[in-house]
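Structure file query_1.pdb (PDB, C-alpha atoms) is printed below.
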ATOM      1  CA  MET A   1     -64.331  21.657 -53.423
ATOM      2  CA  THR A   2     -67.117  19.568 -54.986
ATOM      3  CA  ASP A   3     -69.477  21.478 -57.221
ATOM      4  CA  ILE A   4     -72.825  22.190 -55.607
ATOM      5  CA  LEU A   5     -75.722  21.064 -57.752
ATOM      6  CA  PRO A   6     -78.937  23.107 -57.929
ATOM      7  CA  LEU A   7     -82.162  21.768 -56.427
ATOM      8  CA  PHE A   8     -85.516  21.526 -58.191
ATOM      9  CA  LEU A   9     -88.924  20.827 -56.701
ATOM     10  CA  SER A  10     -92.533  20.984 -57.887
ATOM     11  CA  ALA A  11     -95.905  19.937 -56.508
ATOM     12  CA  ASP A  12     -95.105  16.476 -57.944
ATOM     13  CA  GLY A  13     -91.929  16.160 -55.881
ATOM     14  CA  GLU A  14     -88.212  16.550 -56.542
ATOM     15  CA  GLN A  15     -87.217  17.077 -60.176
ATOM     16  CA  GLN A  16     -84.043  16.672 -62.218
ATOM     17  CA  ALA A  17     -84.754  19.922 -64.086
ATOM     18  CA  LEU A  18     -87.555  22.415 -64.661
ATOM     19  CA  ALA A  19     -89.083  23.935 -67.795
ATOM     20  CA  PRO A  20     -87.599  27.312 -68.787
ATOM     21  CA  ASP A  21     -89.468  30.515 -67.982
ATOM     22  CA  ARG A  22     -90.491  30.862 -71.625
ATOM     23  CA  ALA A  23     -92.600  27.710 -71.237
ATOM     24  CA  PHE A  24     -95.049  29.719 -69.144
ATOM     25  CA  GLN A  25     -97.863  31.659 -70.740
ATOM     26  CA  SER A  26     -98.144  33.873 -67.661
ATOM     27  CA  GLY A  27     -97.234  33.816 -64.015
ATOM     28  CA  LEU A  28     -95.531  35.328 -60.997
ATOM     29  CA  LEU A  29     -91.950  35.094 -59.790
ATOM     30  CA  GLU A  30     -90.469  35.423 -56.313
ATOM     31  CA  THR A  31     -86.654  35.512 -56.115
ATOM     32  CA  MET A  32     -85.251  35.028 -52.625
ATOM     33  CA  ARG A  33     -81.994  34.587 -50.762
ATOM     34  CA  ALA A  34     -81.373  31.631 -48.499
ATOM     35  CA  GLN A  35     -78.590  31.956 -45.951
ATOM     36  CA  ALA A  36     -77.564  29.339 -43.377
ATOM     37  CA  GLY A  37     -80.524  27.180 -44.333
ATOM     38  CA  SER A  38     -83.327  29.718 -44.070
ATOM     39  CA  ILE A  39     -84.894  32.588 -46.024
ATOM     40  CA  PRO A  40     -85.123  35.634 -43.734
ATOM     41  CA  LEU A  41     -87.576  37.495 -45.971
ATOM     42  CA  LEU A  42     -89.795  34.483 -46.723
ATOM     43  CA  PRO A  43     -92.891  35.845 -44.909
ATOM     44  CA  LEU A  44     -92.837  38.993 -47.067
ATOM     45  CA  HIS A  45     -92.371  36.994 -50.268
ATOM     46  CA  LEU A  46     -95.273  34.701 -49.390
ATOM     47  CA  GLU A  47     -97.455  37.642 -48.464
ATOM     48  CA  ARG A  48     -96.890  39.252 -51.871
ATOM     49  CA  LEU A  49     -97.445  35.962 -53.703
ATOM     50  CA  ALA A  50    -100.608  35.130 -51.763
ATOM     51  CA  ARG A  51    -102.320  38.444 -52.453
ATOM     52  CA  SER A  52    -101.304  38.710 -56.118
ATOM     53  CA  ALA A  53    -102.006  35.025 -56.929
ATOM     54  CA  ARG A  54    -105.054  34.859 -54.671
ATOM     55  CA  LEU A  55    -103.766  31.698 -53.037
ATOM     56  CA  GLN A  56    -105.957  29.571 -50.816
ATOM     57  CA  SER A  57    -104.543  29.043 -47.327
ATOM     58  CA  ALA A  58    -103.886  25.327 -47.903
ATOM     59  CA  GLN A  59    -101.897  26.001 -51.072
ATOM     60  CA  ARG A  60     -99.924  28.771 -49.422
ATOM     61  CA  ARG A  61     -99.082  26.460 -46.546
ATOM     62  CA  LEU A  62     -97.878  23.718 -48.920
ATOM     63  CA  ILE A  63     -95.692  26.179 -50.852
ATOM     64  CA  GLU A  64     -94.252  27.569 -47.618
ATOM     65  CA  GLU A  65     -93.405  24.089 -46.337
ATOM     66  CA  SER A  66     -91.736  23.210 -49.646
ATOM     67  CA  ILE A  67     -89.624  26.378 -49.754
ATOM     68  CA  THR A  68     -88.587  25.913 -46.134
ATOM     69  CA  ALA A  69     -87.495  22.345 -46.897
ATOM     70  CA  ILE A  70     -85.491  23.430 -49.943
ATOM     71  CA  ALA A  71     -83.807  26.228 -47.989
ATOM     72  CA  ALA A  72     -82.849  23.833 -45.202
ATOM     73  CA  ARG A  73     -80.970  21.682 -47.725
ATOM     74  CA  THR A  74     -78.778  24.668 -48.649
ATOM     75  CA  GLN A  75     -77.525  25.143 -45.075
ATOM     76  CA  SER A  76     -74.014  23.924 -45.927
ATOM     77  CA  TRP A  77     -73.710  26.057 -49.066
ATOM     78  CA  PRO A  78     -70.934  28.486 -48.104
ATOM     79  CA  TRP A  79     -72.268  31.629 -49.790
ATOM     80  CA  GLY A  80     -75.980  30.951 -49.603
ATOM     81  CA  ALA A  81     -78.496  30.314 -52.376
ATOM     82  CA  ARG A  82     -80.724  32.117 -54.830
ATOM     83  CA  VAL A  83     -84.164  30.541 -54.563
ATOM     84  CA  ARG A  84     -86.790  31.038 -57.293
ATOM     85  CA  LEU A  85     -90.476  30.334 -56.824
ATOM     86  CA  ARG A  86     -92.598  30.309 -59.985
ATOM     87  CA  TYR A  87     -96.382  30.267 -59.969
ATOM     88  CA  GLY A  88     -98.022  30.328 -63.370
ATOM     89  CA  VAL A  89     -99.823  28.751 -66.294
ATOM     90  CA  LEU A  90     -97.912  26.775 -68.929
ATOM     91  CA  ALA A  91     -98.283  27.840 -72.553
ATOM     92  CA  THR A  92     -98.702  24.243 -73.720
ATOM     93  CA  GLY A  93     -98.970  20.830 -72.116
ATOM     94  CA  GLY A  94    -100.769  21.905 -68.963
ATOM     95  CA  ASP A  95    -104.407  21.798 -67.933
ATOM     96  CA  GLY A  96    -104.761  25.570 -67.847
ATOM     97  CA  HIS A  97    -104.552  25.733 -64.058
ATOM     98  CA  PRO A  98    -101.662  27.493 -62.282
ATOM     99  CA  GLN A  99     -98.823  25.339 -61.089
ATOM    100  CA  TRP A 100     -95.754  26.107 -58.997
ATOM    101  CA  ASP A 101     -92.154  25.022 -58.722
ATOM    102  CA  ILE A 102     -89.046  25.963 -56.757
ATOM    103  CA  SER A 103     -85.374  26.013 -57.690
ATOM    104  CA  ALA A 104     -82.280  26.775 -55.612
ATOM    105  CA  PHE A 105     -78.913  27.779 -57.101
ATOM    106  CA  PRO A 106     -75.677  28.321 -55.146
ATOM    107  CA  LEU A 107     -74.463  31.899 -54.924
ATOM    108  CA  SER A 108     -70.892  32.530 -56.032
ATOM    109  CA  PRO A 109     -68.205  33.809 -53.663
ATOM    110  CA  SER A 110     -67.917  36.975 -55.745
ATOM    111  CA  SER A 111     -70.179  38.896 -58.088
ATOM    112  CA  SER A 112     -70.118  42.137 -60.050
ATOM    113  CA  TRP A 113     -72.818  43.306 -57.625
ATOM    114  CA  ASP A 114     -70.125  43.268 -54.911
ATOM    115  CA  HIS A 115     -68.481  46.201 -56.716
ATOM    116  CA  GLY A 116     -71.582  48.361 -56.932
ATOM    117  CA  ALA A 117     -73.933  49.154 -59.799
ATOM    118  CA  VAL A 118     -73.743  51.496 -62.753
ATOM    119  CA  LEU A 119     -77.195  52.834 -63.632
ATOM    120  CA  ALA A 120     -77.869  53.210 -67.360
ATOM    121  CA  LEU A 121     -81.038  55.000 -68.457
ATOM    122  CA  CYS A 122     -83.088  53.283 -71.162
ATOM    123  CA  ASN A 123     -85.412  54.427 -73.916
ATOM    124  CA  THR A 124     -87.760  51.545 -73.097
ATOM    125  CA  HIS A 125     -90.689  52.629 -70.918
ATOM    126  CA  LEU A 126     -92.745  50.565 -68.503
ATOM    127  CA  SER A 127     -96.474  50.027 -68.867
ATOM    128  CA  GLU A 128     -98.920  49.212 -66.081
ATOM    129  CA  SER A 129     -99.314  45.663 -67.394
ATOM    130  CA  ASP A 130     -95.605  44.916 -66.845
ATOM    131  CA  THR A 131     -96.189  44.524 -63.104
ATOM    132  CA  ARG A 132     -99.893  43.674 -62.912
ATOM    133  CA  SER A 133    -100.763  40.192 -61.723
ATOM    134  CA  PRO A 134    -102.101  37.935 -64.505
ATOM    135  CA  PHE A 135    -104.507  36.578 -61.889
ATOM    136  CA  ALA A 136    -106.248  39.942 -61.475
ATOM    137  CA  ASP A 137    -109.892  40.277 -62.408
ATOM    138  CA  SER A 138    -109.720  41.517 -66.012
ATOM    139  CA  SER A 139    -113.322  42.705 -65.874
ATOM    140  CA  ALA A 140    -112.326  45.698 -63.731
ATOM    141  CA  ASP A 141    -110.663  47.464 -66.666
ATOM    142  CA  SER A 142    -113.267  46.524 -69.259
ATOM    143  CA  CYS A 143    -116.083  47.782 -67.029
ATOM    144  CA  GLY A 144    -114.364  51.034 -66.182
ATOM    145  CA  GLY A 145    -113.424  49.884 -62.694
ATOM    146  CA  SER A 146    -110.117  50.463 -60.949
ATOM    147  CA  VAL A 147    -107.442  47.791 -60.610
ATOM    148  CA  PRO A 148    -107.092  46.842 -56.928
ATOM    149  CA  PRO A 149    -103.685  47.751 -55.443
ATOM    150  CA  GLU A 150    -102.940  44.192 -54.311
ATOM    151  CA  VAL A 151    -102.532  43.030 -57.906
ATOM    152  CA  ARG A 152    -100.130  45.841 -58.857
ATOM    153  CA  GLY A 153     -96.392  45.946 -58.230
ATOM    154  CA  CYS A 154     -95.911  42.222 -58.913
ATOM    155  CA  LYS A 155     -92.828  40.544 -60.354
ATOM    156  CA  LEU A 156     -93.989  38.638 -63.419
ATOM    157  CA  LEU A 157     -92.516  35.594 -65.132
ATOM    158  CA  VAL A 158     -93.035  37.158 -68.562
ATOM    159  CA  ARG A 159     -90.635  40.121 -68.511
ATOM    160  CA  GLY A 160     -90.355  41.195 -72.126
ATOM    161  CA  THR A 161     -90.102  44.922 -71.376
ATOM    162  CA  TYR A 162     -87.183  44.362 -69.014
ATOM    163  CA  GLY A 163     -85.401  42.232 -71.580
ATOM    164  CA  GLN A 164     -85.883  44.938 -74.200
ATOM    165  CA  ALA A 165     -84.429  47.545 -71.839
ATOM    166  CA  ALA A 166     -81.443  45.353 -71.012
ATOM    167  CA  ARG A 167     -80.655  44.934 -74.713
ATOM    168  CA  GLU A 168     -80.159  48.701 -75.065
ATOM    169  CA  TRP A 169     -76.873  48.336 -73.172
ATOM    170  CA  ARG A 170     -74.025  45.854 -73.192
ATOM    171  CA  SER A 171     -70.823  45.399 -71.274
ATOM    172  CA  PRO A 172     -67.490  45.718 -73.101
ATOM    173  CA  ASP A 173     -65.792  42.541 -74.264
ATOM    174  CA  SER A 174     -63.008  43.071 -71.736
ATOM    175  CA  ARG A 175     -63.858  44.206 -68.214
ATOM    176  CA  PRO A 176     -61.714  44.382 -65.062
ATOM    177  CA  GLU A 177     -62.555  41.887 -62.345
ATOM    178  CA  ASP A 178     -63.731  44.655 -60.022
ATOM    179  CA  ALA A 179     -66.073  46.274 -62.553
ATOM    180  CA  PRO A 180     -69.540  47.013 -61.138
ATOM    181  CA  GLN A 181     -72.830  45.512 -62.282
ATOM    182  CA  LEU A 182     -74.552  47.192 -65.234
ATOM    183  CA  GLU A 183     -78.146  47.926 -64.174
ATOM    184  CA  PRO A 184     -80.487  49.410 -66.824
ATOM    185  CA  LEU A 185     -82.999  51.957 -65.478
ATOM    186  CA  LEU A 186     -86.573  52.131 -66.763
ATOM    187  CA  CYS A 187     -88.919  55.128 -66.727
ATOM    188  CA  ASP A 188     -92.693  55.348 -66.958
ATOM    189  CA  PRO A 189     -94.415  56.911 -70.009
ATOM    190  CA  ARG A 190     -94.194  60.360 -68.383
ATOM    191  CA  GLY A 191     -90.413  60.139 -68.074
ATOM    192  CA  PHE A 192     -90.188  59.549 -64.322
ATOM    193  CA  VAL A 193     -87.564  57.027 -63.213
ATOM    194  CA  ILE A 194     -89.188  53.889 -61.767
ATOM    195  CA  GLU A 195     -86.724  51.013 -61.217
ATOM    196  CA  GLY A 196     -83.821  48.940 -62.450
ATOM    197  CA  CYS A 197     -84.212  45.733 -64.434
ATOM    198  CA  HIS A 198     -83.320  43.714 -61.322
ATOM    199  CA  SER A 199     -83.772  46.187 -58.478
ATOM    200  CA  ASN A 200     -85.579  49.046 -56.800
ATOM    201  CA  LEU A 201     -83.948  52.474 -56.699
ATOM    202  CA  LEU A 202     -82.951  54.448 -53.597
ATOM    203  CA  VAL A 203     -82.047  58.146 -53.788
ATOM    204  CA  LEU A 204     -80.549  60.122 -50.887
ATOM    205  CA  ARG A 205     -81.504  63.789 -51.116
ATOM    206  CA  ASP A 206     -81.279  66.416 -48.370
ATOM    207  CA  GLY A 207     -80.406  63.698 -45.875
ATOM    208  CA  ARG A 208     -83.550  61.679 -46.662
ATOM    209  CA  TRP A 209     -83.985  58.428 -48.544
ATOM    210  CA  LEU A 210     -86.483  58.472 -51.407
ATOM    211  CA  THR A 211     -87.699  55.807 -53.806
ATOM    212  CA  PRO A 212     -89.747  56.364 -56.981
ATOM    213  CA  ASN A 213     -93.522  56.528 -56.754
ATOM    214  CA  LEU A 214     -94.628  52.949 -57.505
ATOM    215  CA  ARG A 215     -98.369  53.509 -57.405
ATOM    216  CA  TRP A 216     -98.933  52.597 -61.060
ATOM    217  CA  TYR A 217     -95.623  51.298 -62.403
ATOM    218  CA  GLY A 218     -92.791  49.091 -61.186
ATOM    219  CA  VAL A 219     -92.265  46.165 -58.836
ATOM    220  CA  ARG A 220     -92.875  46.729 -55.141
ATOM    221  CA  GLY A 221     -89.801  44.837 -54.058
ATOM    222  CA  VAL A 222     -89.639  42.776 -50.897
ATOM    223  CA  MET A 223     -86.248  44.190 -49.845
ATOM    224  CA  LEU A 224     -87.571  47.716 -50.351
ATOM    225  CA  HIS A 225     -90.575  46.780 -48.210
ATOM    226  CA  TRP A 226     -88.307  45.488 -45.449
ATOM    227  CA  LEU A 227     -86.036  48.533 -45.558
ATOM    228  CA  ALA A 228     -89.028  50.863 -45.288
ATOM    229  CA  GLY A 229     -89.787  49.194 -41.959
ATOM    230  CA  GLN A 230     -86.255  49.921 -40.747
ATOM    231  CA  VAL A 231     -85.637  53.499 -41.906
ATOM    232  CA  GLU A 232     -87.811  56.260 -43.281
ATOM    233  CA  ILE A 233     -88.083  56.028 -47.075
ATOM    234  CA  GLY A 234     -90.360  58.475 -48.852
ATOM    235  CA  GLU A 235     -91.971  57.973 -52.269
ATOM    236  CA  ASP A 236     -91.730  60.751 -54.841
ATOM    237  CA  ASP A 237     -91.752  61.414 -58.566
ATOM    238  CA  ILE A 238     -88.086  61.307 -59.616
ATOM    239  CA  ARG A 239     -86.764  62.574 -62.930
ATOM    240  CA  PRO A 240     -83.425  61.546 -64.443
ATOM    241  CA  LEU A 241     -82.047  65.009 -63.641
ATOM    242  CA  ASP A 242     -82.745  64.369 -59.940
ATOM    243  CA  LEU A 243     -80.330  61.445 -59.997
ATOM    244  CA  HIS A 244     -77.452  63.790 -60.850
ATOM    245  CA  LYS A 245     -78.301  65.893 -57.788
ATOM    246  CA  ALA A 246     -78.472  62.979 -55.333
ATOM    247  CA  THR A 247     -76.037  62.791 -52.423
ATOM    248  CA  GLU A 248     -75.940  58.990 -52.696
ATOM    249  CA  LEU A 249     -77.580  56.416 -54.953
ATOM    250  CA  ALA A 250     -78.281  52.754 -54.326
ATOM    251  CA  VAL A 251     -80.317  49.850 -55.638
ATOM    252  CA  CYS A 252     -81.771  46.995 -53.635
ATOM    253  CA  ASN A 253     -83.221  43.543 -54.138
ATOM    254  CA  SER A 254     -83.883  40.428 -52.086
ATOM    255  CA  VAL A 255     -80.757  38.568 -53.186
ATOM    256  CA  ARG A 256     -78.089  41.286 -53.158
ATOM    257  CA  GLY A 257     -79.403  43.536 -50.393
ATOM    258  CA  VAL A 258     -78.405  47.197 -50.829
ATOM    259  CA  VAL A 259     -75.828  47.985 -53.510
ATOM    260  CA  PRO A 260     -74.170  51.421 -53.950
ATOM    261  CA  ALA A 261     -74.739  52.919 -57.390
ATOM    262  CA  ARG A 262     -73.806  55.784 -59.651
ATOM    263  CA  LEU A 263     -75.437  57.115 -62.790
ATOM    264  CA  LEU A 264     -73.792  56.540 -66.147
ATOM    265  CA  THR A 265     -73.520  59.848 -68.011
ATOM    266  CA  GLU A 266     -73.821  58.229 -71.450
ATOM    267  CA  GLN A 267     -77.279  58.044 -73.010
ATOM    268  CA  PRO A 268     -78.711  55.000 -74.817
ATOM    269  CA  SER A 269     -78.470  54.967 -78.573
ATOM    270  CA  PRO A 270     -81.773  54.551 -80.445
ATOM    271  CA  GLY A 271     -79.929  52.806 -83.270
ATOM    272  CA  GLY A 272     -78.670  49.808 -81.297
ATOM    273  CA  PRO A 273     -76.962  48.609 -78.121
ATOM    274  CA  GLN A 274     -74.639  51.081 -76.441
ATOM    275  CA  THR A 275     -71.468  49.811 -74.771
ATOM    276  CA  ILE A 276     -70.603  51.088 -71.319
ATOM    277  CA  PRO A 277     -67.034  52.408 -70.799
ATOM    278  CA  PRO A 278     -64.586  49.524 -70.309
ATOM    279  CA  ASP A 279     -62.696  51.235 -67.463
ATOM    280  CA  THR A 280     -65.664  51.643 -65.132
ATOM    281  CA  ALA A 281     -64.319  51.715 -61.574
ATOM    282  CA  PRO A 282     -66.020  50.098 -58.553
ATOM    283  CA  VAL A 283     -68.661  52.113 -56.721
ATOM    284  CA  VAL A 284     -67.669  52.886 -53.141
ATOM    285  CA  PRO A 285     -70.606  53.101 -50.697
ATOM    286  CA  GLY A 286     -71.162  56.368 -48.874
ATOM    287  CA  ALA A 287     -72.022  56.657 -45.201
ATOM    288  CA  ALA A 288     -75.795  56.364 -45.716
ATOM    289  CA  VAL A 289     -75.550  53.298 -47.977
ATOM    290  CA  SER A 290     -73.067  51.694 -45.582
ATOM    291  CA  ALA A 291     -75.563  52.186 -42.745
ATOM    292  CA  LEU A 292     -78.252  50.327 -44.726
ATOM    293  CA  GLN A 293     -75.827  47.527 -45.578
ATOM    294  CA  TYR A 294     -74.857  47.187 -41.926
ATOM    295  CA  ARG A 295     -78.501  46.925 -40.889
ATOM    296  CA  ILE A 296     -79.033  44.092 -43.405
ATOM    297  CA  SER A 297     -75.928  42.223 -42.235
ATOM    298  CA  GLU A 298     -77.014  42.655 -38.631
ATOM    299  CA  LYS A 299     -80.648  41.559 -39.046
ATOM    300  CA  LEU A 300     -80.880  39.400 -42.191
ATOM    301  CA  TRP A 301     -77.596  37.769 -43.252
TER     302      TRP A 301
END
Here is a file; write its structure as structure tokens.
Amino acid sequence: MTDILPLFLSADGEQQALAPDRAFQSGLLETMRAQAGSIPLLPLHLERLARSARLQSAQRRLIEESITAIAARTQSWPWGARVRLRYGVLATGGDGHPQWDISAFPLSPSSSWDHGAVLALCNTHLSESDTRSPFADSSADSCGGSVPPEVRGCKLLVRGTYGQAAREWRSPDSRPEDAPQLEPLLCDPRGFVIEGCHSNLLVLRDGRWLTPNLRWYGVRGVMLHWLAGQVEIGEDDIRPLDLHKATELAVCNSVRGVVPARLLTEQPSPGGPQTIPPDTAPVVPGAAVSALQYRISEKLW
């Protein structure tokens, strides 16, 4: 089979390549899944982008048309595509105004996410600024005002805290093909669990799905938003000890859907990266996780 080449597009038209994320001084990121030539969750992604970037209707419409066109070109890609929309300000070489671009990469037929996720707690803690839109009115804080909720819970292009958390853990040099995905877990400064580096957290307790309280910290994920419209998901303060008591654990994001998870018993080492056990077995979904996965396959992809 011929290799599928990624697609790149900006406001200036189709591109051969795009600048790396580090070229941006600040910005927002929306990561989406295209399947059969369309992005099922596109309206929710655009809604989050529009409110956190304060887009004008004409610009939103142009971005939507461009993403839809890119997604349509992935219709023949057998396993779908991961589509990234960036909206931000370049560190150098730009005019200081936000610009946007879109990229589409083919998904592989298999991934470590297919075998579940192993959740590894981190020493790195989130701050409010890690998920606050860079396009928020900075005068609110300096004048003692409150930050409006629409500019919180954003996925930023500059993700230094998440990178620091990910570096606390590493996979062994040799892993079985069916080993699950390593997903570092971040807490807030009070010690409450908030989210994974690439996902939101779902905890089944007493027959009820819960997700961490994301009022001040963490990304309000689009897949989590969609799921909350399908089943009841409560928000609560969740401590690491609560994860050990959960009936089922899962993580979710807009590319992988809902992934069964289990908590790694090892703790991160403050002196350097900790290696997860090399013989980590796949995570088998329980009945409640399987029900969520079925709903996604039935209604989204």
With a distance cut-off of 8 Å and only C-alpha atoms, select the neighbouring residues of Thr161 (chain A), excluding the residue or stretch itself and same-chain residues fewer than 5 positions from it, and output the selection as a list in words.
Thr124, His125, Leu126 and Asp130 of chain A
Dump C-alpha atoms for the selected residues as a short mmCIF file (atom, residue, chain, number, x, y, z; two decimals), in the frame of the given file?
data_model
loop_
_atom_site.label_atom_id
_atom_site.label_comp_id
_atom_site.auth_asym_id
_atom_site.auth_seq_id
_atom_site.Cartn_x
_atom_site.Cartn_y
_atom_site.Cartn_z
CA THR A 124 -87.76 51.54 -73.10
CA HIS A 125 -90.69 52.63 -70.92
CA LEU A 126 -92.74 50.56 -68.50
CA ASP A 130 -95.60 44.92 -66.84
#
Open item on the list: Given the PyMOL selection byres ((chain A and resi 62-74) around 12) and the file above, list the residues it selects as a PyMOL selection string.
Closed with: chain A and resi 4-14+30-47+49-50+55-61+75-87+99-107
field: Interatomic distance, CA of Asp236 (chain A) to CA of Asp114 (chain A) (Å, one decimal)
entry: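 Calculated distance between CA of Asp236 (chain A) and CA of Asp114 (chain A) is 27.8 Å.
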Put a box with edges along x, y and z around all the listed atoms of region 232-238 of chain A, pad it by 6 Å on each side, then give me its centre and sizes in Å, one decimal, as AutoDock Vina command-line options.
--center_x -89.9 --center_y 58.7 --center_z -51.4 --size_x 16.2 --size_y 17.4 --size_z 28.3
When the PyMOL selection byres ((chain A and resi 151) around 8) is applied to the file above, which residues end up in the set, as a ChimeraX atom specification?
/A:51-52,132-133,135-136,147-150,152-154
- Task: Could you list the residues chosen by the PyMOL selection byres ((chain A and resi 237-253) around 6) in this structure as a PyMOL selection string?
- Result: chain A and resi 192-193+199-205+212-213+223+236+254-261
- Task: Calculate how many Å separate CA of Asp95 (chain A) from CA of Ser127 (chain A), rounding to one decimal.
- Result: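 Between CA of Asp95 (chain A) and CA of Ser127 (chain A) the gap is 29.3 Å.
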**Study point:** Pick from A:His225, A:Arg295, A:Arg262, A:Lys155 nearest to Leu121 (chain A), counting all atoms listed in the file
**Key:**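 Ranking A:His225, A:Arg295, A:Arg262, A:Lys155 by distance to Leu121 (chain A), first place goes to A:Arg262.
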Exercise for the section: Write out as a list in words the residues lying within 8 Å of Thr275 (chain A), counting only C-alpha atoms and excluding same-chain residues fewer than 3 positions away. Expected result: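 That gives Trp169, Arg170, Ser171 and Pro172 of chain A.
Shortest separation to Pro282 (chain A) among A:Ala166, A:Leu300, A:Cys187, A:Ala179 occurs at residue A:Ala179, atoms counted being all atoms listed in the file.
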If we count only C-alpha atoms and set the cut-off at 12 Å, which residues sit around Val231 (chain A), ignoring sequence neighbours fewer than 2 positions away in its own chain? Please answer as a list in words.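 My list of contacting residues is Arg208, Trp209, Leu210, Leu224, His225, Trp226, Leu227, Ala228, Gly229, Ile233, Gly234, Ala288, Val289, Ala291, Leu292, Arg295 and Ile296 of chain A.
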So, with only C-alpha atoms as the atoms that count, which of A:Arg54, A:Arg159, A:Arg220, A:His115 lies closest to Leu182 (chain A)?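 The shortest atom-to-atom distance to Leu182 (chain A) comes from A:His115.
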Residue with the minimum atom-to-atom distance to Arg175 (chain A), picked from A:Thr280, A:Ala17, A:Glu195, A:Glu266 with all atoms listed in the file counted, is A:Thr280
The residue from A:Arg215, A:Pro277, A:Lys299, A:Asp188 with the smallest atom-to-atom distance to Thr265 (chain A), counting all atoms listed in the file, is A:Pro277
Students should find that CA of Leu28 (chain A) and CA of Leu157 (chain A) are spaced 5.1 Å
Using only C-alpha atoms, which residues sit within 10 Å of Ala91 (chain A) once same-chain residues fewer than 2 positions away are excluded, as a ChimeraX atom specification? /A:22-26,88-89,93-96
Query raised in the report: Which one is closest to Ser129 (chain A): A:Gly218, A:Gly196, A:Gly191, A:Gly163? Count only C-alpha atoms.
Result: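 Nearest to Ser129 (chain A): A:Gly218.
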